[in-house]
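Shown next: start_20.pdb, containing PDB, C-alpha atoms and all ligand atoms.
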```pdb
ATOM      1  CA  MET Q   1     -59.100 -13.604  -4.976
ATOM      2  CA  GLN Q   2     -60.037 -14.046  -8.639
ATOM      3  CA  GLY Q   3     -57.029 -14.556 -10.963
ATOM      4  CA  LYS Q   4     -56.222 -12.244 -13.855
ATOM      5  CA  PHE Q   5     -56.955 -12.989 -17.482
ATOM      6  CA  ILE Q   6     -54.293 -11.826 -19.952
ATOM      7  CA  THR Q   7     -54.729 -12.272 -23.699
ATOM      8  CA  ILE Q   8     -52.175 -11.851 -26.485
ATOM      9  CA  GLU Q   9     -53.320 -10.842 -29.948
ATOM     10  CA  GLY Q  10     -51.992  -9.831 -33.331
ATOM     11  CA  THR Q  11     -51.956 -10.692 -37.026
ATOM     12  CA  GLU Q  12     -49.854 -13.557 -38.420
ATOM     13  CA  GLY Q  13     -46.096 -13.495 -37.764
ATOM     14  CA  VAL Q  14     -46.088 -10.897 -34.962
ATOM     15  CA  GLY Q  15     -44.001 -13.138 -32.679
ATOM     16  CA  LYS Q  16     -46.679 -14.342 -30.249
ATOM     17  CA  THR Q  17     -44.866 -17.580 -29.366
ATOM     18  CA  THR Q  18     -41.562 -15.932 -28.405
ATOM     19  CA  ASN Q  19     -43.268 -13.178 -26.470
ATOM     20  CA  ILE Q  20     -45.660 -15.497 -24.645
ATOM     21  CA  ALA Q  21     -42.583 -17.397 -23.413
ATOM     22  CA  PHE Q  22     -41.242 -14.048 -22.186
ATOM     23  CA  ILE Q  23     -44.534 -13.327 -20.352
ATOM     24  CA  GLN Q  24     -44.463 -16.790 -18.760
ATOM     25  CA  ASN Q  25     -40.942 -16.138 -17.466
ATOM     26  CA  TRP Q  26     -41.965 -12.778 -16.097
ATOM     27  CA  LEU Q  27     -44.914 -14.280 -14.220
ATOM     28  CA  SER Q  28     -42.760 -17.089 -12.817
ATOM     29  CA  GLU Q  29     -40.226 -14.537 -11.563
ATOM     30  CA  LYS Q  30     -43.031 -12.642  -9.840
ATOM     31  CA  GLY Q  31     -44.188 -15.875  -8.217
ATOM     32  CA  VAL Q  32     -47.617 -15.631  -9.877
ATOM     33  CA  GLU Q  33     -49.376 -18.973 -10.332
ATOM     34  CA  PHE Q  34     -50.633 -19.164 -13.908
ATOM     35  CA  SER Q  35     -51.742 -21.445 -16.755
ATOM     36  CA  SER Q  36     -51.078 -20.883 -20.435
ATOM     37  CA  THR Q  37     -53.640 -21.750 -23.033
ATOM     38  CA  ARG Q  38     -54.812 -20.774 -26.498
ATOM     39  CA  GLU Q  39     -57.771 -20.203 -28.776
ATOM     40  CA  PRO Q  40     -59.120 -21.708 -30.812
ATOM     41  CA  GLY Q  41     -58.310 -24.714 -28.622
ATOM     42  CA  GLY Q  42     -57.314 -25.229 -25.007
ATOM     43  CA  THR Q  43     -59.230 -28.479 -24.258
ATOM     44  CA  PRO Q  44     -59.214 -31.781 -26.206
ATOM     45  CA  LEU Q  45     -62.612 -31.003 -27.758
ATOM     46  CA  ALA Q  46     -61.740 -27.370 -28.486
ATOM     47  CA  GLU Q  47     -58.458 -28.526 -30.080
ATOM     48  CA  GLU Q  48     -60.517 -30.753 -32.401
ATOM     49  CA  ILE Q  49     -62.581 -27.684 -33.306
ATOM     50  CA  ARG Q  50     -59.312 -25.784 -33.909
ATOM     51  CA  SER Q  51     -58.241 -28.440 -36.319
ATOM     52  CA  LEU Q  52     -61.586 -28.194 -38.163
ATOM     53  CA  LEU Q  53     -61.106 -24.429 -38.398
ATOM     54  CA  LEU Q  54     -57.474 -24.335 -39.490
ATOM     55  CA  THR Q  55     -57.266 -27.267 -41.902
ATOM     56  CA  PRO Q  56     -57.462 -26.118 -45.522
ATOM     57  CA  ARG Q  57     -60.313 -27.948 -47.288
ATOM     58  CA  ALA Q  58     -62.016 -28.083 -50.666
ATOM     59  CA  GLU Q  59     -65.411 -27.224 -49.175
ATOM     60  CA  THR Q  60     -65.786 -23.491 -48.530
ATOM     61  CA  VAL Q  61     -66.390 -22.769 -44.854
ATOM     62  CA  CYS Q  62     -69.372 -20.416 -44.466
ATOM     63  CA  ASP Q  63     -68.688 -17.297 -42.392
ATOM     64  CA  THR Q  64     -71.463 -18.195 -39.942
ATOM     65  CA  THR Q  65     -70.091 -21.730 -39.548
ATOM     66  CA  GLU Q  66     -66.639 -20.313 -38.815
ATOM     67  CA  LEU Q  67     -68.018 -17.847 -36.282
ATOM     68  CA  LEU Q  68     -70.096 -20.459 -34.458
ATOM     69  CA  LEU Q  69     -67.194 -22.920 -34.349
ATOM     70  CA  MET Q  70     -65.012 -20.217 -32.770
ATOM     71  CA  PHE Q  71     -67.606 -19.624 -30.068
ATOM     72  CA  ALA Q  72     -68.345 -23.345 -29.615
ATOM     73  CA  GLY Q  73     -64.671 -23.966 -28.849
ATOM     74  CA  ARG Q  74     -64.627 -20.892 -26.629
ATOM     75  CA  ALA Q  75     -67.605 -22.078 -24.559
ATOM     76  CA  GLN Q  76     -65.866 -25.386 -23.892
ATOM     77  CA  HIS Q  77     -62.519 -23.736 -23.135
ATOM     78  CA  LEU Q  78     -64.030 -21.181 -20.773
ATOM     79  CA  ASN Q  79     -66.075 -23.707 -18.832
ATOM     80  CA  LYS Q  80     -63.404 -26.379 -18.557
ATOM     81  CA  VAL Q  81     -60.191 -24.358 -18.246
ATOM     82  CA  VAL Q  82     -60.381 -20.579 -17.955
ATOM     83  CA  VAL Q  83     -63.153 -20.007 -15.423
ATOM     84  CA  PRO Q  84     -62.069 -22.801 -13.015
ATOM     85  CA  ALA Q  85     -58.466 -21.489 -13.036
ATOM     86  CA  LEU Q  86     -59.490 -17.853 -12.485
ATOM     87  CA  THR Q  87     -61.830 -18.899  -9.685
ATOM     88  CA  MET Q  88     -58.936 -20.655  -7.967
ATOM     89  CA  GLY Q  89     -56.952 -17.404  -8.138
ATOM     90  CA  LYS Q  90     -54.680 -18.527 -10.979
ATOM     91  CA  TRP Q  91     -53.751 -16.151 -13.757
ATOM     92  CA  ILE Q  92     -54.427 -17.185 -17.344
ATOM     93  CA  VAL Q  93     -52.217 -16.321 -20.307
ATOM     94  CA  CYS Q  94     -54.250 -16.958 -23.446
ATOM     95  CA  ASP Q  95     -52.869 -16.908 -26.978
ATOM     96  CA  ARG Q  96     -55.821 -15.138 -28.701
ATOM     97  CA  PHE Q  97     -59.387 -14.704 -27.501
ATOM     98  CA  THR Q  98     -62.554 -12.863 -28.559
ATOM     99  CA  ASP Q  99     -60.697  -9.800 -29.845
ATOM    100  CA  ALA Q 100     -59.506 -12.166 -32.585
ATOM    101  CA  THR Q 101     -63.142 -12.896 -33.436
ATOM    102  CA  TYR Q 102     -63.898  -9.182 -33.761
ATOM    103  CA  ALA Q 103     -60.752  -8.699 -35.846
ATOM    104  CA  TYR Q 104     -60.865 -11.806 -38.098
ATOM    105  CA  GLN Q 105     -64.573 -12.632 -38.401
ATOM    106  CA  GLY Q 106     -65.772  -9.047 -37.861
ATOM    107  CA  PHE Q 107     -63.299  -6.856 -39.731
ATOM    108  CA  GLY Q 108     -61.706  -9.604 -41.851
ATOM    109  CA  ARG Q 109     -64.838 -11.442 -43.032
ATOM    110  CA  GLY Q 110     -67.164  -8.466 -42.621
ATOM    111  CA  MET Q 111     -69.501 -10.153 -40.148
ATOM    112  CA  ASP Q 112     -71.835  -8.016 -38.056
ATOM    113  CA  GLN Q 113     -70.133  -6.728 -34.889
ATOM    114  CA  LYS Q 114     -73.462  -6.755 -33.052
ATOM    115  CA  LEU Q 115     -73.910 -10.456 -33.784
ATOM    116  CA  ILE Q 116     -70.421 -11.120 -32.412
ATOM    117  CA  ALA Q 117     -71.220  -9.056 -29.327
ATOM    118  CA  HIS Q 118     -74.402 -11.084 -28.857
ATOM    119  CA  LEU Q 119     -72.511 -14.401 -28.985
ATOM    120  CA  GLU Q 120     -69.825 -12.963 -26.716
ATOM    121  CA  GLN Q 121     -72.468 -12.162 -24.127
ATOM    122  CA  LEU Q 122     -74.104 -15.573 -24.491
ATOM    123  CA  VAL Q 123     -70.857 -17.523 -24.108
ATOM    124  CA  GLN Q 124     -68.861 -15.317 -21.738
ATOM    125  CA  LYS Q 125     -71.511 -13.489 -19.726
ATOM    126  CA  GLU Q 126     -69.531 -10.777 -17.892
ATOM    127  CA  LEU Q 127     -66.112 -12.369 -18.416
ATOM    128  CA  ARG Q 128     -63.666 -10.199 -20.388
ATOM    129  CA  PRO Q 129     -59.853 -10.185 -20.358
ATOM    130  CA  ASP Q 130     -58.224  -7.928 -17.747
ATOM    131  CA  LEU Q 131     -55.311  -7.063 -20.030
ATOM    132  CA  THR Q 132     -54.902  -7.514 -23.779
ATOM    133  CA  LEU Q 133     -51.528  -7.064 -25.431
ATOM    134  CA  ILE Q 134     -51.823  -6.441 -29.143
ATOM    135  CA  LEU Q 135     -48.561  -7.153 -30.936
ATOM    136  CA  ASP Q 136     -48.716  -4.911 -33.964
ATOM    137  CA  ILE Q 137     -46.657  -5.190 -37.118
ATOM    138  CA  PRO Q 138     -47.070  -4.108 -40.759
ATOM    139  CA  VAL Q 139     -49.000  -6.948 -42.409
ATOM    140  CA  GLU Q 140     -46.441  -7.672 -45.143
ATOM    141  CA  ILE Q 141     -43.581  -8.111 -42.644
ATOM    142  CA  GLY Q 142     -45.685 -10.450 -40.489
ATOM    143  CA  LEU Q 143     -46.790 -12.578 -43.430
ATOM    144  CA  GLN Q 144     -43.222 -12.811 -44.665
ATOM    145  CA  ARG Q 145     -42.139 -14.106 -41.232
ATOM    146  CA  ALA Q 146     -45.091 -16.514 -40.978
ATOM    147  CA  SER Q 147     -44.449 -17.944 -44.445
ATOM    148  CA  GLN Q 148     -41.015 -19.144 -43.313
ATOM    149  CA  ARG Q 149     -42.548 -21.333 -40.579
ATOM    150  CA  SER Q 150     -44.735 -24.079 -42.042
ATOM    151  CA  THR Q 151     -47.339 -24.827 -44.669
ATOM    152  CA  PRO Q 152     -50.024 -22.135 -44.468
ATOM    153  CA  ASP Q 153     -53.234 -22.979 -42.568
ATOM    154  CA  ARG Q 154     -56.704 -21.981 -43.800
ATOM    155  CA  PHE Q 155     -56.379 -18.437 -42.422
ATOM    156  CA  GLU Q 156     -52.805 -17.933 -43.607
ATOM    157  CA  GLN Q 157     -54.027 -18.664 -47.136
ATOM    158  CA  GLU Q 158     -56.138 -15.483 -47.089
ATOM    159  CA  LYS Q 159     -55.286 -12.476 -49.275
ATOM    160  CA  VAL Q 160     -53.107  -9.663 -47.917
ATOM    161  CA  SER Q 161     -56.133  -7.319 -47.939
ATOM    162  CA  PHE Q 162     -57.861  -9.624 -45.409
ATOM    163  CA  PHE Q 163     -54.973  -9.144 -42.943
ATOM    164  CA  HIS Q 164     -55.005  -5.383 -43.475
ATOM    165  CA  ARG Q 165     -58.641  -5.391 -42.323
ATOM    166  CA  VAL Q 166     -57.783  -7.652 -39.372
ATOM    167  CA  ARG Q 167     -54.980  -5.328 -38.270
ATOM    168  CA  GLU Q 168     -57.269  -2.331 -38.593
ATOM    169  CA  GLY Q 169     -59.815  -4.209 -36.466
ATOM    170  CA  TYR Q 170     -57.346  -4.745 -33.647
ATOM    171  CA  LEU Q 171     -56.187  -1.129 -33.733
ATOM    172  CA  CYS Q 172     -59.780   0.158 -33.775
ATOM    173  CA  ARG Q 173     -60.704  -1.913 -30.744
ATOM    174  CA  ALA Q 174     -57.619  -0.724 -28.885
ATOM    175  CA  ALA Q 175     -58.415   2.916 -29.719
ATOM    176  CA  GLU Q 176     -62.007   2.532 -28.519
ATOM    177  CA  ASN Q 177     -61.227   0.821 -25.182
ATOM    178  CA  SER Q 178     -57.783   2.105 -24.307
ATOM    179  CA  ASP Q 179     -57.705   1.001 -20.650
ATOM    180  CA  ARG Q 180     -57.737  -2.746 -21.337
ATOM    181  CA  TYR Q 181     -55.426  -2.774 -24.384
ATOM    182  CA  VAL Q 182     -51.741  -2.108 -24.812
ATOM    183  CA  VAL Q 183     -50.513  -1.950 -28.402
ATOM    184  CA  ILE Q 184     -46.898  -3.079 -28.711
ATOM    185  CA  ASP Q 185     -44.856  -2.171 -31.784
ATOM    186  CA  ALA Q 186     -43.631  -5.656 -32.705
ATOM    187  CA  SER Q 187     -41.613  -4.464 -35.698
ATOM    188  CA  LYS Q 188     -38.883  -3.207 -33.345
ATOM    189  CA  ALA Q 189     -35.880  -5.262 -32.181
ATOM    190  CA  LEU Q 190     -36.919  -8.131 -29.887
ATOM    191  CA  GLN Q 191     -35.255  -6.506 -26.874
ATOM    192  CA  ASP Q 192     -37.301  -3.324 -27.353
ATOM    193  CA  VAL Q 193     -40.501  -5.314 -27.859
ATOM    194  CA  GLN Q 194     -39.883  -7.190 -24.624
ATOM    195  CA  THR Q 195     -39.071  -4.000 -22.717
ATOM    196  CA  ALA Q 196     -42.454  -2.635 -23.809
ATOM    197  CA  ILE Q 197     -44.173  -5.869 -22.769
ATOM    198  CA  ARG Q 198     -42.411  -5.853 -19.386
ATOM    199  CA  ASN Q 199     -43.480  -2.242 -18.778
ATOM    200  CA  ALA Q 200     -47.097  -3.099 -19.603
ATOM    201  CA  LEU Q 201     -47.016  -6.111 -17.275
ATOM    202  CA  GLU Q 202     -45.378  -4.194 -14.404
ATOM    203  CA  ASP Q 203     -47.959  -1.459 -14.743
ATOM    204  CA  PHE Q 204     -50.831  -3.929 -14.777
ATOM    205  CA  TYR Q 205     -49.379  -5.918 -11.865
ATOM    206  CA  LEU Q 206     -48.971  -2.787  -9.733
ATOM    207  CA  LYS Q 207     -52.539  -1.700 -10.460
ATOM    208  CA  SER Q 208     -53.916  -5.143  -9.619
ATOM    209  CA  GLN Q 209     -51.961  -5.176  -6.322
ATOM    210  CA  ARG Q 210     -53.249  -1.698  -5.433
ATOM    211  CA  LYS Q 211     -56.844  -2.786  -6.015
ATOM    212  CA  PHE Q 212     -56.283  -5.755  -3.728
ATOM    213  CA  ASN Q 213     -54.678  -3.774  -0.866
TER     214      ASN Q 213
HETATM  215  P1  LIG Q 301     -52.729 -19.114 -34.309
HETATM  216  O1  LIG Q 301     -53.286 -19.244 -32.938
HETATM  217  O2  LIG Q 301     -51.737 -20.134 -34.621
HETATM  218  O3  LIG Q 301     -52.308 -17.730 -34.618
HETATM  219  O4  LIG Q 301     -53.905 -19.492 -35.357
HETATM  220  C1  LIG Q 301     -55.208 -19.286 -35.093
HETATM  221  C2  LIG Q 301     -55.897 -18.680 -36.291
HETATM  222  O5  LIG Q 301     -57.277 -18.566 -35.977
HETATM  223  C3  LIG Q 301     -55.398 -17.281 -36.634
HETATM  224  O6  LIG Q 301     -55.252 -17.163 -38.027
HETATM  225  C4  LIG Q 301     -56.526 -16.387 -36.186
HETATM  226  C5  LIG Q 301     -57.744 -17.269 -36.243
HETATM  227  N1  LIG Q 301     -58.778 -16.913 -35.255
HETATM  228  C6  LIG Q 301     -59.955 -16.352 -35.700
HETATM  229  O7  LIG Q 301     -60.132 -16.156 -36.895
HETATM  230  N2  LIG Q 301     -60.911 -16.024 -34.780
HETATM  231  C7  LIG Q 301     -60.772 -16.248 -33.452
HETATM  232  O8  LIG Q 301     -61.675 -15.944 -32.663
HETATM  233  C8  LIG Q 301     -59.538 -16.845 -32.999
HETATM  234  C9  LIG Q 301     -59.350 -17.108 -31.549
HETATM  235  C10 LIG Q 301     -58.575 -17.153 -33.929
END
```
Representation of the structure as structure tokens:
Amino acid sequence: MQGKFITIEGTEGVGKTTNIAFIQNWLSEKGVEFSSTREPGGTPLAEEIRSLLLTPRAETVCDTTELLLMFAGRAQHLNKVVVPALTMGKWIVCDRFTDATYAYQGFGRGMDQKLIAHLEQLVQKELRPDLTLILDIPVEIGLQRASQRSTPDRFEQEKVSFFHRVREGYLCRAAENSDRYVVIDASKALQDVQTAIRNALEDFYLKSQRKFN
């Protein structure tokens, strides 16, 4: 049986790291075999591309360059890591995926959604996540949290208005395709956030078992 592909999304400072650890624990308790990975990145080559994308630099990165680098890393990651694992029946927990491209490059940078969809089809063929958890938080709170972590990367240096567009992008996608997405209010207390995540996972797990039986 093909494994399940779960992606975690959100703007900066939503608490992805803490909540991915929670998801990993939940899967282990269920006895589900899984691998955790991230985008951009996930293979040595794709991690090099990540570093190209995130490192602040004097030279302006063209929007098209940024978009193609995202999909170049994704092609490598899918072929080397994600597809082989899913084929073996393993679940994948991925910190960001193509919804981030729609949100950041599409809504954030204003790139054509149809062009993104075209590249998505080229690189992924029919592969789409089975479940996407969008951790949602008011932009200012998230940026405040993120700023306490480390020196800002190239994306974190963007203006607040950029992240407002990104957040809107995520929420629009969730509203348009409600069966794949669960939006989690990440501004609540951690315990409440994790209760909501657990409920979403239990629901998804039950549905995937029913389909199998
Ligand atoms: P993070 O994984 O540490 O959150 O950093 C990755 C950054 O890359 C984040 O600011 C979002 C950005 N990104 C895109 O702009 N497009 C994409 O397709 C992906 C996967 C990430």
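For Arg96 in chain Q, the list of residues within 6 Å, based on all atoms listed in the file and with local chain neighbours fewer than 2 positions off taken out, reads Thr7, Ile8, Glu9, Glu39 and Cys94 of chain Q.
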Inset, instruction - Pick out the residues sitting within 12 Å of Phe97 in chain Q, and hand them over as a PyMOL selection string; count only C-alpha atoms, and ignore anything fewer than 5 positions along from it in its own chain. - result: chain Q and resi 5-10+37-42+70-71+73-75+77-78+82+92+102-104+120+124+127-134+170
Around all listed atoms of ligand LIG 301 (chain Q), padded 4 Å per side, what centre and edge lengths does the axis-aligned box have in Å to one decimal, as JSON?
```
{"center_x": -56.7, "center_y": -18.0, "center_z": -34.8, "size_x": 17.9, "size_y": 12.2, "size_z": 14.5}
```
Legend entry - Top pick for closest residue to ligand LIG 301 (chain Q), considering Q:Val81, Q:Leu67, Q:Ile49, Q:Cys172 and counting only C-alpha atoms and all ligand atoms: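 Counting only C-alpha atoms and all ligand atoms, the residue closest to ligand LIG 301 (chain Q) is Q:Leu67.
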Inset, instruction - For CA of Gly169 in chain Q and CA of Gly108 in chain Q, quote the distance in Å rounded to one decimal. - result: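 Here the two named atoms are 7.9 Å from each other.
CA of Leu52 in chain Q sits 25.1 Å away from CA of Val139 in chain Q.
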Legend entry - Explicit residues for the PyMOL selection byres (((chain Q and resi 201) around 10) and not hetatm) (as a PyMOL selection string): chain Q and resi 6+23+26-27+131+133+182+195-200+202-207
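Among the candidates Q:Pro152, Q:Gly15, Q:Gly89, Q:Gly3, the one nearest to Lys188 in chain Q when counting all atoms listed in the file is Q:Gly15.
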Legend entry - Protein, DNA and RNA residues within 10 Å of (-54.6, -10.6, -44.3), only C-alpha atoms, as a PyMOL selection string: chain Q and resi 11-12+104+108+139-140+142-143+155-167
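This file, filtered with the PyMOL selection byres (((chain Q and resi 116) around 10) and not hetatm), gives the residues Leu67, Leu68, Phe71, Thr98, Thr101, Tyr102, Gln105, Gly106, Met111, Asp112, Gln113, Lys114, Leu115, Ala117, His118, Leu119, Glu120, Gln121 and Leu122 of chain Q.
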Legend entry - Interatomic distance (Å, one decimal) between CA of Thr60 in chain Q and CA of Asp95 in chain Q: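 CA of Thr60 in chain Q sits 26.0 Å away from CA of Asp95 in chain Q.
Of the listed residues Q:Gln144, Q:Trp91, Q:Val183, Q:Asp99, the one whose atoms come nearest to Met1 in chain Q is Q:Trp91, with distances taken using all atoms listed in the file.
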Near-Asn19 in chain Q list (10 Å; all atoms listed in the file; drop same-chain fewer than 5 positions) as a short mmCIF file (atom, residue, chain, number, x, y, z; two decimals) with C-alpha atoms, in the frame of the given file:
```cif
data_model
loop_
_atom_site.label_atom_id
_atom_site.label_comp_id
_atom_site.auth_asym_id
_atom_site.auth_seq_id
_atom_site.Cartn_x
_atom_site.Cartn_y
_atom_site.Cartn_z
CA ILE Q 8 -52.18 -11.85 -26.48
CA VAL Q 14 -46.09 -10.90 -34.96
CA GLN Q 24 -44.46 -16.79 -18.76
CA ASN Q 25 -40.94 -16.14 -17.47
CA LEU Q 135 -48.56 -7.15 -30.94
CA ALA Q 186 -43.63 -5.66 -32.70
CA LEU Q 190 -36.92 -8.13 -29.89
CA VAL Q 193 -40.50 -5.31 -27.86
CA GLN Q 194 -39.88 -7.19 -24.62
CA ILE Q 197 -44.17 -5.87 -22.77
#
```
Could you please fill out range 133-144 of chain Q with N, CA and C atoms and send it back as a short mmCIF file (atom, residue, chain, number, x, y, z; two decimals), in the coordinates of the input?
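Okay, this is what ended up in out-v4.cif:
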```
data_model
loop_
_atom_site.label_atom_id
_atom_site.label_comp_id
_atom_site.auth_asym_id
_atom_site.auth_seq_id
_atom_site.Cartn_x
_atom_site.Cartn_y
_atom_site.Cartn_z
N LEU Q 133 -52.70 -7.61 -24.74
CA LEU Q 133 -51.53 -7.06 -25.43
C LEU Q 133 -51.70 -7.34 -26.92
N ILE Q 134 -51.72 -6.28 -27.69
CA ILE Q 134 -51.82 -6.44 -29.14
C ILE Q 134 -50.43 -6.21 -29.73
N LEU Q 135 -49.86 -7.28 -30.28
CA LEU Q 135 -48.56 -7.15 -30.94
C LEU Q 135 -48.85 -6.70 -32.36
N ASP Q 136 -48.35 -5.53 -32.69
CA ASP Q 136 -48.72 -4.91 -33.96
C ASP Q 136 -47.51 -4.82 -34.90
N ILE Q 137 -47.75 -5.19 -36.14
CA ILE Q 137 -46.66 -5.19 -37.12
C ILE Q 137 -47.26 -4.92 -38.50
N PRO Q 138 -46.53 -4.24 -39.40
CA PRO Q 138 -47.07 -4.11 -40.76
C PRO Q 138 -47.35 -5.50 -41.33
N VAL Q 139 -48.50 -5.64 -41.96
CA VAL Q 139 -49.00 -6.95 -42.41
C VAL Q 139 -47.98 -7.70 -43.27
N GLU Q 140 -47.35 -6.99 -44.20
CA GLU Q 140 -46.44 -7.67 -45.14
C GLU Q 140 -45.25 -8.29 -44.41
N ILE Q 141 -44.73 -7.58 -43.40
CA ILE Q 141 -43.58 -8.11 -42.64
C ILE Q 141 -44.01 -9.36 -41.89
N GLY Q 142 -45.19 -9.30 -41.26
CA GLY Q 142 -45.68 -10.45 -40.49
C GLY Q 142 -45.91 -11.67 -41.38
N LEU Q 143 -46.50 -11.44 -42.54
CA LEU Q 143 -46.79 -12.58 -43.43
C LEU Q 143 -45.50 -13.20 -43.96
N GLN Q 144 -44.54 -12.34 -44.21
CA GLN Q 144 -43.22 -12.81 -44.66
C GLN Q 144 -42.60 -13.73 -43.61
#
```
